[in-house]
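Heads up, my_file.cif below (mmCIF, C-alpha atoms):
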data_query
#
loop_
_atom_site.group_PDB
_atom_site.id
_atom_site.type_symbol
_atom_site.label_atom_id
_atom_site.label_comp_id
_atom_site.auth_asym_id
_atom_site.auth_seq_id
_atom_site.Cartn_x
_atom_site.Cartn_y
_atom_site.Cartn_z
ATOM 1 C CA MET I 21 76.535 129.225 127.276
ATOM 2 C CA ASP I 22 77.667 126.977 130.095
ATOM 3 C CA ARG I 23 80.329 124.301 129.787
ATOM 4 C CA MET I 24 77.881 121.413 129.599
ATOM 5 C CA GLN I 25 76.106 122.877 126.555
ATOM 6 C CA CYS I 26 79.453 123.564 124.857
ATOM 7 C CA PHE I 27 80.712 119.999 125.401
ATOM 8 C CA GLY I 28 77.316 118.616 124.393
ATOM 9 C CA ALA I 29 77.431 120.414 121.048
ATOM 10 C CA TRP I 30 81.046 119.351 120.549
ATOM 11 C CA GLY I 31 80.129 115.731 121.371
ATOM 12 C CA VAL I 32 77.359 115.745 118.755
ATOM 13 C CA PHE I 33 79.815 117.091 116.171
ATOM 14 C CA VAL I 34 82.409 114.418 116.999
ATOM 15 C CA ALA I 35 79.776 111.664 116.856
ATOM 16 C CA ALA I 36 78.466 112.879 113.486
ATOM 17 C CA ALA I 37 81.984 113.092 112.065
ATOM 18 C CA SER I 38 82.760 109.586 113.310
ATOM 19 C CA LEU I 39 79.634 108.165 111.698
ATOM 20 C CA ALA I 40 80.435 109.880 108.406
ATOM 21 C CA ALA I 41 83.828 108.196 108.434
ATOM 22 C CA CYS I 42 82.067 104.820 108.668
ATOM 23 C CA ALA I 43 80.019 105.381 105.507
ATOM 24 C CA ALA I 44 80.493 102.702 102.867
ATOM 25 C CA VAL I 45 83.235 103.561 100.408
ATOM 26 C CA PRO I 46 83.087 101.718 97.082
ATOM 27 C CA PRO I 47 86.091 99.496 96.431
ATOM 28 C CA PRO I 48 88.582 100.671 93.840
ATOM 29 C CA PRO I 49 88.195 99.191 90.352
ATOM 30 C CA PRO I 50 90.337 96.132 89.661
ATOM 31 C CA PRO I 51 93.654 96.901 88.025
ATOM 32 C CA MET I 52 93.937 96.462 84.284
ATOM 33 C CA PRO I 53 95.832 93.331 83.339
ATOM 34 C CA ALA I 54 99.483 93.695 82.439
ATOM 35 C CA GLN I 55 98.783 92.282 78.992
ATOM 36 C CA GLN I 56 95.887 93.779 77.088
ATOM 37 C CA CYS I 57 94.888 92.566 73.640
ATOM 38 C CA VAL I 58 94.890 94.915 70.638
ATOM 39 C CA ALA I 59 93.684 93.035 67.531
ATOM 40 C CA THR I 60 94.709 95.471 64.766
ATOM 41 C CA PRO I 61 98.426 94.513 64.585
ATOM 42 C CA ALA I 62 97.470 90.952 63.612
ATOM 43 C CA SER I 63 95.327 91.854 60.595
ATOM 44 C CA TRP I 64 98.132 90.469 58.398
ATOM 45 C CA ALA I 65 96.937 86.948 59.328
ATOM 46 C CA ILE I 66 93.466 87.163 57.729
ATOM 47 C CA GLY I 67 93.234 84.514 55.015
ATOM 48 C CA ARG I 68 96.211 82.484 56.245
ATOM 49 C CA ALA I 69 96.071 78.966 57.695
ATOM 50 C CA ALA I 70 95.747 78.868 61.478
ATOM 51 C CA THR I 71 98.925 76.916 62.159
ATOM 52 C CA ALA I 72 100.437 76.809 65.637
ATOM 53 C CA GLU I 73 103.174 79.200 64.521
ATOM 54 C CA THR I 74 100.700 81.691 63.020
ATOM 55 C CA VAL I 75 98.460 81.649 66.098
ATOM 56 C CA GLU I 76 101.471 82.195 68.368
ATOM 57 C CA ARG I 77 102.628 85.140 66.253
ATOM 58 C CA ILE I 78 99.092 86.591 66.441
ATOM 59 C CA ARG I 79 99.188 86.224 70.233
ATOM 60 C CA VAL I 80 102.512 88.030 70.453
ATOM 61 C CA ASP I 81 101.578 90.751 67.938
ATOM 62 C CA THR I 82 98.334 91.538 69.780
ATOM 63 C CA GLY I 83 100.012 91.679 73.193
ATOM 64 C CA SER I 84 97.775 88.902 74.484
ATOM 65 C CA GLY I 85 98.550 86.368 77.154
ATOM 66 C CA VAL I 86 96.238 83.744 75.664
ATOM 67 C CA ALA I 87 95.092 82.845 72.147
ATOM 68 C CA ARG I 88 92.170 80.608 71.268
ATOM 69 C CA VAL I 89 91.103 79.352 67.870
ATOM 70 C CA LEU I 90 87.337 79.398 67.275
ATOM 71 C CA HIS I 91 86.033 76.924 64.713
ATOM 72 C CA PRO I 92 82.639 77.204 62.972
ATOM 73 C CA ASP I 93 79.707 76.063 65.142
ATOM 74 C CA GLU I 94 82.008 75.564 68.146
ATOM 75 C CA VAL I 95 80.521 76.270 71.569
ATOM 76 C CA VAL I 96 82.638 78.827 73.440
ATOM 77 C CA THR I 97 82.446 80.729 76.710
ATOM 78 C CA MET I 98 81.332 84.349 76.417
ATOM 79 C CA GLU I 99 83.249 85.948 79.303
ATOM 80 C CA TYR I 100 85.417 88.834 78.218
ATOM 81 C CA ARG I 101 89.136 88.630 78.946
ATOM 82 C CA PHE I 102 91.367 91.621 78.277
ATOM 83 C CA ASP I 103 94.363 89.366 77.753
ATOM 84 C CA ARG I 104 92.878 86.965 75.189
ATOM 85 C CA VAL I 105 92.844 87.052 71.395
ATOM 86 C CA ASN I 106 90.231 85.041 69.488
ATOM 87 C CA VAL I 107 91.275 83.669 66.102
ATOM 88 C CA LYS I 108 88.159 82.786 64.092
ATOM 89 C CA VAL I 109 88.629 80.223 61.331
ATOM 90 C CA ASN I 110 86.414 78.762 58.612
ATOM 91 C CA GLU I 111 85.895 75.087 57.761
ATOM 92 C CA ARG I 112 89.201 75.072 55.808
ATOM 93 C CA ASN I 113 91.092 76.370 58.898
ATOM 94 C CA ALA I 114 91.709 79.738 57.212
ATOM 95 C CA ILE I 115 91.639 82.738 59.521
ATOM 96 C CA VAL I 116 88.551 84.871 58.899
ATOM 97 C CA GLY I 117 88.618 87.146 61.926
ATOM 98 C CA ILE I 118 90.724 88.269 64.880
ATOM 99 C CA THR I 119 89.100 89.836 67.932
ATOM 100 C CA CYS I 120 89.967 90.444 71.551
ATOM 101 C CA GLY I 121 88.089 88.990 74.441
#
Now, as a test, write the supplied structure out as structure tokens.
Amino acid sequence: MDRMQCFGAWGVFVAAASLAACAAVPPPPPPMPAQQCVATPASWAIGRAATAETVERIRVDTGSGVARVLHPDEVVTMEYRFDRVNVKVNERNAIVGITCG
């Protein structure tokens, strides 16, 4: 094999390796938020009035950054947030459910 054939084969290898390095690499997943809601620790609040103090304690107990109170027939956004606790109340403002999102 003469030198030109050897360098030609080497050049093809280098070009192929370079192109492979340019292949699209998927971006890494976004990091999980520092505060992530866990609803179970706030189950003590079911049946209680949704006062500002109770809702704040629910927020803290669930590890959430944000709490929102959802009233019956209220229009709400449906995007999921790891750091949000939803406090569902009935028409008497009694807490009937606690979920994350």
- Message: Restricting the calculation to only C-alpha atoms: of I:Pro49, I:Ile115, I:Gly121, I:Val95, which residue gets closest to Ile66 in chain I?
- Response: I:Ile115
- Task: Convert the output of the PyMOL selection byres ((chain I and resi 101) around 12) on the shown file into explicit residues, formatted as JSON, numbers by chain.
- Result: {"I": [52, 53, 55, 56, 57, 58, 84, 85, 86, 87, 88, 97, 98, 99, 100, 102, 103, 104, 105, 106, 119, 120, 121]}
Print the selection's residues with C-alpha atoms to a file, as a PDB file, in the frame of the given file.
ATOM      1  CA  MET I  52      93.937  96.462  84.284  1.00  0.00           C
ATOM      2  CA  PRO I  53      95.832  93.331  83.339  1.00  0.00           C
ATOM      3  CA  GLN I  55      98.783  92.282  78.992  1.00  0.00           C
ATOM      4  CA  GLN I  56      95.887  93.779  77.088  1.00  0.00           C
ATOM      5  CA  CYS I  57      94.888  92.566  73.640  1.00  0.00           C
ATOM      6  CA  VAL I  58      94.890  94.915  70.638  1.00  0.00           C
ATOM      7  CA  SER I  84      97.775  88.902  74.484  1.00  0.00           C
ATOM      8  CA  GLY I  85      98.550  86.368  77.154  1.00  0.00           C
ATOM      9  CA  VAL I  86      96.238  83.744  75.664  1.00  0.00           C
ATOM     10  CA  ALA I  87      95.092  82.845  72.147  1.00  0.00           C
ATOM     11  CA  ARG I  88      92.170  80.608  71.268  1.00  0.00           C
ATOM     12  CA  THR I  97      82.446  80.729  76.710  1.00  0.00           C
ATOM     13  CA  MET I  98      81.332  84.349  76.417  1.00  0.00           C
ATOM     14  CA  GLU I  99      83.249  85.948  79.303  1.00  0.00           C
ATOM     15  CA  TYR I 100      85.417  88.834  78.218  1.00  0.00           C
ATOM     16  CA  PHE I 102      91.367  91.621  78.277  1.00  0.00           C
ATOM     17  CA  ASP I 103      94.363  89.366  77.753  1.00  0.00           C
ATOM     18  CA  ARG I 104      92.878  86.965  75.189  1.00  0.00           C
ATOM     19  CA  VAL I 105      92.844  87.052  71.395  1.00  0.00           C
ATOM     20  CA  ASN I 106      90.231  85.041  69.488  1.00  0.00           C
ATOM     21  CA  THR I 119      89.100  89.836  67.932  1.00  0.00           C
ATOM     22  CA  CYS I 120      89.967  90.444  71.551  1.00  0.00           C
ATOM     23  CA  GLY I 121      88.089  88.990  74.441  1.00  0.00           C
TER      24      GLY I 121
END
- Go through I:Glu94, I:Asp81, I:Arg112, I:Pro48 one by one, measure the shortest atom-to-atom distance of each to Trp64 in chain I using only C-alpha atoms, and give the residue with the smallest value.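 For Trp64 in chain I, the nearest of the given residues is I:Asp81.
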- Pick the closest to Val89 in chain I from I:Ser63, I:Glu73, I:Arg68, I:Val109: which is it, counting all atoms listed in the file?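 Under the stated criterion, the closest residue is I:Val109.
Taking CA of Ile118 in chain I as the reference point, CA of Ala59 in chain I is found at 6.2 Å.
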